[in-house]
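> final_38.cif is reproduced below (mmCIF, C-alpha atoms).
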```
data_work
#
loop_
_atom_site.group_PDB
_atom_site.id
_atom_site.type_symbol
_atom_site.label_atom_id
_atom_site.label_comp_id
_atom_site.auth_asym_id
_atom_site.auth_seq_id
_atom_site.Cartn_x
_atom_site.Cartn_y
_atom_site.Cartn_z
ATOM 1 C CA MET A 1 211.220 -4.786 78.184
ATOM 2 C CA SER A 2 212.437 -4.105 74.654
ATOM 3 C CA GLY A 3 212.532 -7.063 72.307
ATOM 4 C CA LYS A 4 210.180 -9.233 70.304
ATOM 5 C CA PRO A 5 207.380 -8.813 71.233
ATOM 6 C CA GLY A 6 208.534 -6.977 74.384
ATOM 7 C CA GLY A 7 206.237 -5.280 76.851
ATOM 8 C CA VAL A 8 205.816 -3.004 79.857
ATOM 9 C CA PHE A 9 205.735 -4.243 83.462
ATOM 10 C CA HIS A 10 204.052 -1.915 85.946
ATOM 11 C CA LEU A 11 205.202 -2.287 89.542
ATOM 12 C CA ARG A 12 203.622 -0.821 92.659
ATOM 13 C CA ASP A 13 205.110 -1.333 96.125
ATOM 14 C CA GLY A 14 207.312 -4.095 94.770
ATOM 15 C CA THR A 15 204.517 -6.100 93.119
ATOM 16 C CA VAL A 16 203.442 -6.294 89.467
ATOM 17 C CA VAL A 17 199.982 -4.781 88.958
ATOM 18 C CA ALA A 18 199.821 -4.819 85.140
ATOM 19 C CA VAL A 19 201.711 -6.110 82.094
ATOM 20 C CA GLU A 20 201.121 -4.762 78.595
ATOM 21 C CA SER A 21 202.550 -6.476 75.524
ATOM 22 C CA PRO A 22 201.752 -6.492 71.796
ATOM 23 C CA GLY A 23 202.187 -10.265 71.959
ATOM 24 C CA ALA A 24 198.983 -10.933 73.905
ATOM 25 C CA PRO A 25 195.478 -9.377 73.952
ATOM 26 C CA GLY A 26 194.751 -7.093 76.876
ATOM 27 C CA ALA A 27 191.639 -6.776 78.987
ATOM 28 C CA GLU A 28 189.887 -4.546 76.423
ATOM 29 C CA ALA A 29 190.471 -7.007 73.563
ATOM 30 C CA ARG A 30 189.270 -9.900 75.717
ATOM 31 C CA LEU A 31 185.973 -8.130 76.437
ATOM 32 C CA LEU A 32 185.358 -6.894 72.886
ATOM 33 C CA ARG A 33 186.495 -9.914 70.858
ATOM 34 C CA SER A 34 184.727 -12.393 73.109
ATOM 35 C CA GLY A 35 181.390 -10.591 72.598
ATOM 36 C CA ARG A 36 180.855 -9.578 76.226
ATOM 37 C CA VAL A 37 180.790 -5.913 75.178
ATOM 38 C CA SER A 38 180.020 -4.539 71.713
ATOM 39 C CA GLY A 39 181.960 -1.773 70.014
ATOM 40 C CA GLU A 40 179.081 0.694 70.375
ATOM 41 C CA GLN A 41 178.757 -0.043 74.077
ATOM 42 C CA TRP A 42 182.481 0.415 74.594
ATOM 43 C CA ALA A 43 182.495 3.754 72.778
ATOM 44 C CA GLU A 44 179.576 4.943 74.920
ATOM 45 C CA LEU A 45 181.415 3.893 78.089
ATOM 46 C CA LEU A 46 184.468 5.899 77.054
ATOM 47 C CA ARG A 47 182.318 8.996 76.450
ATOM 48 C CA GLU A 48 180.627 8.629 79.830
ATOM 49 C CA SER A 49 183.941 8.188 81.659
ATOM 50 C CA GLY A 50 185.422 11.333 80.162
ATOM 51 C CA GLY A 51 188.018 9.553 78.056
ATOM 52 C CA ALA A 52 189.318 7.151 80.713
ATOM 53 C CA ARG A 53 191.384 4.296 79.281
ATOM 54 C CA TRP A 54 189.734 1.620 81.425
ATOM 55 C CA PRO A 55 186.020 2.383 82.178
ATOM 56 C CA GLU A 56 185.714 -0.129 85.003
ATOM 57 C CA ALA A 57 182.996 1.813 86.858
ATOM 58 C CA GLY A 58 180.847 2.053 83.728
ATOM 59 C CA LEU A 59 181.183 -1.650 82.948
ATOM 60 C CA ILE A 60 179.901 -2.505 86.411
ATOM 61 C CA ALA A 61 177.187 0.184 86.469
ATOM 62 C CA HIS A 62 175.665 -0.910 83.138
ATOM 63 C CA GLY A 63 175.841 -4.576 84.100
ATOM 64 C CA TYR A 64 178.178 -5.542 81.277
ATOM 65 C CA ALA A 65 180.509 -7.289 83.731
ATOM 66 C CA GLY A 66 180.759 -7.800 87.468
ATOM 67 C CA ALA A 67 183.549 -6.556 89.692
ATOM 68 C CA ALA A 68 184.847 -10.074 90.324
ATOM 69 C CA GLN A 69 184.726 -10.886 86.609
ATOM 70 C CA LEU A 70 186.765 -7.795 85.750
ATOM 71 C CA ARG A 71 189.380 -8.715 88.350
ATOM 72 C CA VAL A 72 189.715 -12.155 86.779
ATOM 73 C CA VAL A 73 189.956 -10.690 83.259
ATOM 74 C CA CYS A 74 192.678 -8.242 84.316
ATOM 75 C CA MET A 75 194.656 -10.959 86.124
ATOM 76 C CA MET A 76 194.433 -13.321 83.131
ATOM 77 C CA ALA A 77 195.523 -10.542 80.763
ATOM 78 C CA MET A 78 198.520 -9.726 82.987
ATOM 79 C CA GLN A 79 199.660 -13.364 83.216
ATOM 80 C CA ASP A 80 199.185 -13.935 79.494
ATOM 81 C CA ALA A 81 201.180 -10.826 78.595
ATOM 82 C CA ALA A 82 204.004 -11.968 80.884
ATOM 83 C CA PHE A 83 204.013 -15.321 79.083
ATOM 84 C CA ALA A 84 204.214 -13.580 75.694
ATOM 85 C CA VAL A 85 207.191 -11.483 76.816
ATOM 86 C CA VAL A 86 209.070 -14.447 78.291
ATOM 87 C CA ALA A 87 208.320 -16.661 75.264
ATOM 88 C CA GLY A 88 209.874 -14.082 72.943
ATOM 89 C CA ASP A 89 213.267 -12.368 72.862
ATOM 90 C CA VAL A 90 214.165 -9.782 75.499
ATOM 91 C CA GLU A 91 216.908 -7.353 74.499
ATOM 92 C CA ALA A 92 217.006 -4.828 77.345
ATOM 93 C CA CYS A 93 215.240 -3.723 80.531
ATOM 94 C CA ASP A 94 214.808 0.023 80.994
ATOM 95 C CA PRO A 95 212.828 1.954 83.632
ATOM 96 C CA LEU A 96 210.038 4.290 82.529
ATOM 97 C CA ASP A 97 208.594 7.424 84.050
ATOM 98 C CA ALA A 98 206.650 6.724 87.253
ATOM 99 C CA ALA A 99 203.785 8.885 85.940
ATOM 100 C CA PHE A 100 203.058 6.332 83.209
ATOM 101 C CA GLU A 101 199.777 4.880 84.484
ATOM 102 C CA PRO A 102 199.030 1.205 83.817
ATOM 103 C CA TYR A 103 196.058 0.049 81.799
ATOM 104 C CA ALA A 104 193.529 -2.163 83.619
ATOM 105 C CA PRO A 105 195.669 -2.807 86.714
ATOM 106 C CA VAL A 106 194.831 -5.439 89.314
ATOM 107 C CA ALA A 107 194.017 -4.325 92.835
ATOM 108 C CA LEU A 108 196.277 -6.891 94.513
ATOM 109 C CA GLY A 109 199.578 -7.150 92.669
ATOM 110 C CA GLU A 110 201.556 -10.306 92.000
ATOM 111 C CA ILE A 111 205.069 -10.991 93.285
ATOM 112 C CA PRO A 112 207.517 -10.729 90.338
ATOM 113 C CA ALA A 113 209.215 -14.066 91.068
ATOM 114 C CA ARG A 114 205.871 -15.854 91.210
ATOM 115 C CA LEU A 115 204.719 -14.230 87.950
ATOM 116 C CA LEU A 116 207.911 -15.297 86.178
ATOM 117 C CA GLN A 117 207.689 -18.783 87.609
ATOM 118 C CA ASP A 118 204.155 -19.123 86.217
ATOM 119 C CA ALA A 119 205.372 -17.996 82.765
ATOM 120 C CA ALA A 120 208.254 -20.493 82.897
ATOM 121 C CA ARG A 121 205.841 -23.280 83.886
ATOM 122 C CA LYS A 122 203.733 -22.507 80.822
ATOM 123 C CA LEU A 123 206.823 -22.659 78.606
ATOM 124 C CA VAL A 124 207.624 -26.100 80.025
ATOM 125 C CA ALA A 125 204.052 -27.226 79.282
ATOM 126 C CA VAL A 126 204.314 -26.042 75.661
ATOM 127 C CA ALA A 127 207.707 -27.708 75.194
ATOM 128 C CA ALA A 128 206.335 -31.023 76.503
ATOM 129 C CA LEU A 129 203.665 -31.261 73.785
ATOM 130 C CA PRO A 130 204.257 -33.600 70.810
ATOM 131 C CA ARG A 131 204.162 -30.698 68.296
ATOM 132 C CA PRO A 132 205.225 -27.563 70.184
ATOM 133 C CA VAL A 133 204.809 -24.214 68.431
ATOM 134 C CA ARG A 134 205.764 -20.638 69.176
ATOM 135 C CA PRO A 135 203.158 -17.924 69.712
ATOM 136 C CA ASP A 136 204.445 -15.742 66.850
ATOM 137 C CA ARG A 137 206.020 -18.123 64.325
ATOM 138 C CA GLU A 138 204.061 -21.106 62.950
ATOM 139 C CA ARG A 139 201.091 -20.445 60.635
ATOM 140 C CA PRO A 140 199.174 -23.709 60.233
ATOM 141 C CA VAL A 141 196.368 -24.571 57.841
ATOM 142 C CA PRO A 142 193.441 -26.976 58.312
ATOM 143 C CA ALA A 143 194.174 -30.593 57.483
ATOM 144 C CA ALA A 144 192.000 -32.815 55.303
ATOM 145 C CA VAL A 145 189.551 -33.888 58.010
ATOM 146 C CA PRO A 146 186.254 -35.624 57.155
ATOM 147 C CA ASP A 147 183.149 -33.554 57.761
ATOM 148 C CA GLU A 148 181.718 -36.025 60.292
ATOM 149 C CA ILE A 149 184.847 -35.680 62.450
ATOM 150 C CA ARG A 150 184.896 -31.909 62.050
ATOM 151 C CA GLU A 151 181.305 -31.651 63.284
ATOM 152 C CA GLN A 152 182.153 -33.584 66.450
ATOM 153 C CA LEU A 153 184.962 -31.241 67.472
ATOM 154 C CA PRO A 154 184.422 -28.968 70.508
ATOM 155 C CA PRO A 155 183.726 -25.270 69.822
ATOM 156 C CA PRO A 156 187.273 -24.059 70.724
ATOM 157 C CA GLN A 157 188.830 -26.383 68.132
ATOM 158 C CA LYS A 158 186.245 -25.399 65.521
ATOM 159 C CA GLU A 159 187.128 -21.757 66.128
ATOM 160 C CA LEU A 160 190.832 -22.466 65.665
ATOM 161 C CA LEU A 161 190.100 -24.304 62.427
ATOM 162 C CA ALA A 162 188.083 -21.351 61.174
ATOM 163 C CA HIS A 163 190.929 -18.886 61.831
ATOM 164 C CA ALA A 164 193.875 -21.072 60.782
ATOM 165 C CA ASP A 165 194.327 -19.925 57.173
ATOM 166 C CA GLY A 166 198.108 -20.172 56.772
ATOM 167 C CA ARG A 167 198.634 -16.459 57.474
ATOM 168 C CA ARG A 168 197.830 -16.226 61.181
ATOM 169 C CA THR A 169 200.002 -17.218 64.104
ATOM 170 C CA ALA A 170 198.757 -18.151 67.557
ATOM 171 C CA ARG A 171 199.165 -14.504 68.568
ATOM 172 C CA ASP A 172 197.045 -13.324 65.613
ATOM 173 C CA ILE A 173 194.279 -15.803 66.424
ATOM 174 C CA ALA A 174 194.356 -14.744 70.076
ATOM 175 C CA PHE A 175 193.693 -11.113 69.123
ATOM 176 C CA ALA A 176 190.970 -12.139 66.670
ATOM 177 C CA THR A 177 189.092 -14.332 69.160
ATOM 178 C CA GLY A 178 189.817 -12.660 72.511
ATOM 179 C CA LEU A 179 191.452 -15.826 73.857
ATOM 180 C CA GLY A 180 194.809 -15.887 75.603
ATOM 181 C CA ALA A 181 198.010 -16.297 73.613
ATOM 182 C CA TYR A 182 198.973 -19.253 75.795
ATOM 183 C CA THR A 183 195.550 -20.880 75.327
ATOM 184 C CA VAL A 184 195.744 -20.605 71.538
ATOM 185 C CA THR A 185 199.364 -21.775 71.464
ATOM 186 C CA VAL A 186 198.552 -24.942 73.427
ATOM 187 C CA GLY A 187 195.406 -25.590 71.393
ATOM 188 C CA MET A 188 197.279 -25.167 68.111
ATOM 189 C CA ALA A 189 200.064 -27.522 69.224
ATOM 190 C CA ARG A 190 197.573 -30.199 70.269
ATOM 191 C CA MET A 191 195.633 -29.966 67.017
ATOM 192 C CA LEU A 192 198.877 -30.320 65.060
ATOM 193 C CA GLY A 193 199.640 -33.466 67.024
ATOM 194 C CA GLU A 194 196.148 -34.849 66.399
ATOM 195 C CA GLY A 195 196.332 -34.209 62.658
ATOM 196 C CA LEU A 196 193.603 -31.569 62.628
ATOM 197 C CA LEU A 197 196.072 -28.860 61.567
ATOM 198 C CA GLU A 198 199.179 -29.046 59.450
ATOM 199 C CA LEU A 199 202.030 -26.736 58.552
ATOM 200 C CA PRO A 200 202.694 -25.577 54.982
ATOM 201 C CA ALA A 201 205.375 -27.394 53.022
ATOM 202 C CA GLU A 202 208.003 -24.693 53.546
ATOM 203 C CA SER A 203 207.707 -24.914 57.357
ATOM 204 C CA ASP A 204 206.745 -28.557 57.755
ATOM 205 C CA SER A 205 209.523 -29.212 60.263
ATOM 206 C CA ALA A 206 208.725 -27.076 63.279
ATOM 207 C CA THR A 207 211.606 -26.238 65.578
ATOM 208 C CA ARG A 208 211.710 -27.812 68.982
ATOM 209 C CA VAL A 209 210.772 -25.530 71.887
ATOM 210 C CA THR A 210 213.083 -25.967 74.857
ATOM 211 C CA VAL A 211 213.143 -24.249 78.227
ATOM 212 C CA ARG A 212 216.190 -23.568 80.336
ATOM 213 C CA ASP A 213 216.046 -23.568 84.121
ATOM 214 C CA LEU A 214 215.932 -20.305 86.013
ATOM 215 C CA PRO A 215 219.234 -19.103 87.483
ATOM 216 C CA SER A 216 219.928 -20.384 90.962
ATOM 217 C CA GLY A 217 219.568 -16.954 92.540
ATOM 218 C CA ALA A 218 216.483 -15.852 90.618
ATOM 219 C CA LEU A 219 213.991 -17.031 93.240
ATOM 220 C CA ARG A 220 216.182 -16.576 96.263
ATOM 221 C CA GLN A 221 214.548 -15.623 99.529
ATOM 222 C CA ARG A 222 214.726 -11.918 100.260
ATOM 223 C CA PRO A 223 215.888 -10.496 103.589
ATOM 224 C CA ALA A 224 213.168 -9.665 106.078
ATOM 225 C CA GLY A 225 211.607 -6.277 105.396
ATOM 226 C CA ALA A 226 213.085 -5.897 101.906
ATOM 227 C CA PRO A 227 210.507 -5.132 99.172
ATOM 228 C CA PRO A 228 210.218 -7.522 96.210
ATOM 229 C CA ALA A 229 212.266 -6.428 93.225
ATOM 230 C CA LEU A 230 212.064 -7.206 89.532
ATOM 231 C CA ASP A 231 215.479 -8.712 88.780
ATOM 232 C CA PRO A 232 216.581 -7.972 85.189
ATOM 233 C CA GLU A 233 218.822 -11.056 85.293
ATOM 234 C CA VAL A 234 215.724 -13.242 85.449
ATOM 235 C CA PHE A 235 214.431 -11.753 82.209
ATOM 236 C CA SER A 236 217.804 -12.062 80.512
ATOM 237 C CA ALA A 237 217.849 -15.746 81.451
ATOM 238 C CA LEU A 238 214.283 -16.296 80.318
ATOM 239 C CA SER A 239 214.800 -14.335 77.097
ATOM 240 C CA SER A 240 216.740 -17.292 75.702
ATOM 241 C CA ALA A 241 214.293 -19.839 77.087
ATOM 242 C CA VAL A 242 212.729 -20.654 73.708
ATOM 243 C CA THR A 243 215.517 -21.792 71.383
ATOM 244 C CA ALA A 244 215.951 -24.109 68.441
ATOM 245 C CA ALA A 245 217.315 -27.472 69.555
ATOM 246 C CA ALA A 246 217.920 -30.939 68.183
ATOM 247 C CA PRO A 247 215.073 -33.036 66.741
ATOM 248 C CA GLU A 248 212.503 -34.240 69.198
ATOM 249 C CA PRO A 249 213.670 -37.371 71.060
ATOM 250 C CA ARG A 250 211.623 -40.510 70.749
ATOM 251 C CA PRO A 251 209.402 -41.231 73.758
ATOM 252 C CA ASP A 252 210.422 -43.953 76.182
ATOM 253 C CA PRO A 253 208.256 -47.034 75.503
ATOM 254 C CA GLY A 254 208.517 -48.093 79.140
ATOM 255 C CA PRO A 255 209.411 -51.507 80.568
ATOM 256 C CA ARG A 256 208.748 -54.598 78.481
ATOM 257 C CA PRO A 257 206.480 -57.406 79.739
ATOM 258 C CA GLY A 258 208.202 -59.228 82.552
ATOM 259 C CA GLU A 259 210.611 -56.382 83.302
ATOM 260 C CA ILE A 260 210.551 -54.139 86.337
ATOM 261 C CA ALA A 261 210.656 -50.399 85.814
ATOM 262 C CA PRO A 262 213.766 -48.809 87.371
ATOM 263 C CA ALA A 263 213.152 -46.899 90.544
ATOM 264 C CA LEU A 264 213.239 -43.128 90.332
ATOM 265 C CA PRO A 265 216.207 -41.499 92.068
ATOM 266 C CA ARG A 266 215.341 -40.151 95.464
ATOM 267 C CA ARG A 267 215.931 -36.569 96.236
ATOM 268 C CA ASP A 268 218.597 -35.735 98.734
ATOM 269 C CA PRO A 269 216.793 -34.555 101.893
ATOM 270 C CA GLY A 270 219.623 -32.146 102.554
ATOM 271 C CA THR A 271 218.880 -30.082 99.465
ATOM 272 C CA HIS A 272 215.939 -27.733 99.462
ATOM 273 C CA ALA A 273 214.517 -25.691 96.626
ATOM 274 C CA PRO A 274 214.435 -21.932 97.188
ATOM 275 C CA SER A 275 211.145 -20.919 98.696
ATOM 276 C CA LEU A 276 208.959 -18.186 97.271
ATOM 277 C CA PRO A 277 208.047 -15.210 99.432
ATOM 278 C CA ARG A 278 204.657 -15.640 101.059
ATOM 279 C CA ARG A 279 201.891 -13.095 101.444
ATOM 280 C CA GLU A 280 200.965 -11.761 104.807
ATOM 281 C CA PRO A 281 198.124 -13.721 106.510
ATOM 282 C CA GLY A 282 194.787 -12.302 105.478
ATOM 283 C CA ALA A 283 196.044 -10.638 102.280
ATOM 284 C CA SER A 284 194.041 -12.966 100.048
ATOM 285 C CA GLY A 285 191.111 -13.443 102.410
ATOM 286 C CA ILE A 286 191.717 -17.216 102.662
ATOM 287 C CA ALA A 287 194.079 -17.348 105.626
ATOM 288 C CA GLU A 288 192.149 -14.808 107.664
ATOM 289 C CA THR A 289 192.368 -15.666 111.344
ATOM 290 C CA LEU A 290 189.231 -16.605 113.253
ATOM 291 C CA ALA A 291 189.866 -14.333 116.235
ATOM 292 C CA PRO A 292 192.748 -12.162 117.523
ATOM 293 C CA GLU A 293 193.343 -14.468 120.460
ATOM 294 C CA ARG A 294 193.628 -17.478 118.155
ATOM 295 C CA ALA A 295 196.457 -16.352 115.909
ATOM 296 C CA GLY A 296 197.378 -19.930 114.982
ATOM 297 C CA ALA A 297 193.902 -20.930 113.729
ATOM 298 C CA SER A 298 192.659 -20.192 110.250
ATOM 299 C CA TRP A 299 189.941 -21.290 107.884
ATOM 300 C CA LYS A 300 192.571 -22.961 105.703
ATOM 301 C CA GLY A 301 193.730 -25.057 108.634
ATOM 302 C CA PHE A 302 190.142 -25.855 109.536
ATOM 303 C CA PHE A 303 189.365 -27.299 106.099
ATOM 304 C CA ARG A 304 192.592 -29.256 106.121
ATOM 305 C CA LEU A 305 191.690 -30.706 109.499
ATOM 306 C CA ARG A 306 188.136 -31.475 108.423
ATOM 307 C CA HIS A 307 189.345 -33.825 105.695
ATOM 308 C CA ARG A 308 191.391 -35.758 108.256
ATOM 309 C CA ILE A 309 188.485 -36.457 110.594
ATOM 310 C CA TRP A 310 187.302 -40.067 110.593
ATOM 311 C CA THR A 311 183.949 -40.808 108.976
ATOM 312 C CA PRO A 312 182.039 -44.119 109.024
ATOM 313 C CA ASP A 313 182.348 -44.609 105.265
ATOM 314 C CA SER A 314 186.026 -43.739 105.027
ATOM 315 C CA GLY A 315 187.355 -46.938 106.590
ATOM 316 C CA THR A 316 190.266 -45.121 108.205
#
```
Output the file's structure in the form of structure tokens.

Amino acid sequence: MSGKPGGVFHLRDGTVVAVESPGAPGAEARLLRSGRVSGEQWAELLRESGGARWPEAGLIAHGYAGAAQLRVVCMMAMQDAAFAVVAGDVEACDPLDAAFEPYAPVALGEIPARLLQDAARKLVAVAALPRPVRPDRERPVPAAVPDEIREQLPPPQKELLAHADGRRTARDIAFATGLGAYTVTVGMARMLGEGLLELPAESDSATRVTVRDLPSGALRQRPAGAPPALDPEVFSALSSAVTAAAPEPRPDPGPRPGEIAPALPRRDPGTHAPSLPRREPGASGIAETLAPERAGASWKGFFRLRHRIWTPDSGT
């Protein structure tokens, strides 16, 4: 995906197994910058693995990280890179050589529509904040906060204050700390709204971040037996998701004393949102059937049923 920042989406059997983008730190940066693995340990792992790009076996063998922890790190890096690509500008979508191996892929890939929907949901969350920012644009500086208030801040906010020097964007701080680009973007926007950070005089008026809806056919249900596909039209629609809009509207103060809030419009029962494709039962290990002869029973259904059983203290 060429653009700013752009990235590479690796697909296998119709699912996305890895996303690499210069707009978000990858799995290696998350391990090194967070302090889980030192630079000397990482260099030794690369020598032991014969120059492999992702020494997963060595990380597990030396006890630097567990197998489950590495799966979570790779999944978080893939989702964060997808957010960085969608939050930027996408110019074109071009296929690469199939021999181009992904870096730190996940074992169980993600459906493209679901991955894009998660990135769009994060854009909506950023746009809903009082002071929304972009991952690669605003460069805030610490505000004049009393020392007693600064000492009471949680460690993540203290770390953002330490790295916000007027030259670093949310993307730069994410690479410096090993945090996700989305995590730093949300944290920076909240601290701007709370008065802990401020923008320099030349960029005091931050542009409003708005998100457009996905095209109606982007998440359409696929025919039975057809493999999931990465639709370039979805990326072209999401490439213009973050745009400059009018000034931020004033929040609704709500009903006055003595007034009744208007009822929300009901949704027409005849209209249904397009459904996402579902995994096969047992793919995630949650919906695994109890026995072959009981194809309709599952652990998920059991726990749902358990919460509906009457108990003496429930009163129902």
> Name the closest residue to Ala65 (chain A) among the candidates A:Met78, A:Leu96, A:Ala128, A:Leu32; distances are taken between atoms, counting all atoms listed in the file.
A:Leu32
> I need the residue nearest Ala107 (chain A) from this list: A:Lys158, A:Arg168, A:Arg36, A:Arg71. Use all atoms listed in the file for the distance.
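Answer, going by the shortest atom-to-atom distance: A:Arg71.
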> Considering only C-alpha atoms, return as a list of chain:residue names whatever protein or nucleic-acid residues lie within 9 Å of Gln157 (chain A), sequence-local ones (same chain, fewer than 6 positions apart) excluded.
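Contacts, in chain order: A:Gly187, A:Met188, A:Met191, A:Leu196.
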> Keeping C-alpha atoms for every residue in the selection just given, could you write it to a file as a PDB file, in the frame of the given file?

```pdb
ATOM      1  CA  GLY A 187     195.406 -25.590  71.393  1.00  0.00           C
ATOM      2  CA  MET A 188     197.279 -25.167  68.111  1.00  0.00           C
ATOM      3  CA  MET A 191     195.633 -29.966  67.017  1.00  0.00           C
ATOM      4  CA  LEU A 196     193.603 -31.569  62.628  1.00  0.00           C
TER       5      LEU A 196
END
```
> Report the distance between CA of Cys93 (chain A) and CA of Gly6 (chain A) in Å, rounded to one decimal place.
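Taking CA of Cys93 (chain A) and CA of Gly6 (chain A), their separation equals 9.7 Å.
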> Could you tell me, as an MDAnalysis selection string, exactly which residues end up selected when the PyMOL selection byres ((chain A and resi 19-31) around 9) is applied to this structure?
chainID A and resid 4:10 16:18 32:38 54 70 73:85 88 102:105 135:136 171:172 174:182
> How far is it from CA of Thr185 (chain A) to CA of Val86 (chain A), in Å with one decimal?
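Atom-to-atom, CA of Thr185 (chain A) to CA of Val86 (chain A), that is 13.9 Å.
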> CA of Val126 (chain A) and CA of Pro154 (chain A), how far apart in Å?
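Atom-to-atom, CA of Pro154 (chain A) to CA of Val126 (chain A), that is 20.8 Å.
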> Have a look at A:Ala170, A:Ala164, A:Ala67, A:Leu129 and name the one nearest to Glu194 (chain A); count all atoms listed in the file.
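That would be A:Leu129, the residue with the smallest distance to Glu194 (chain A).
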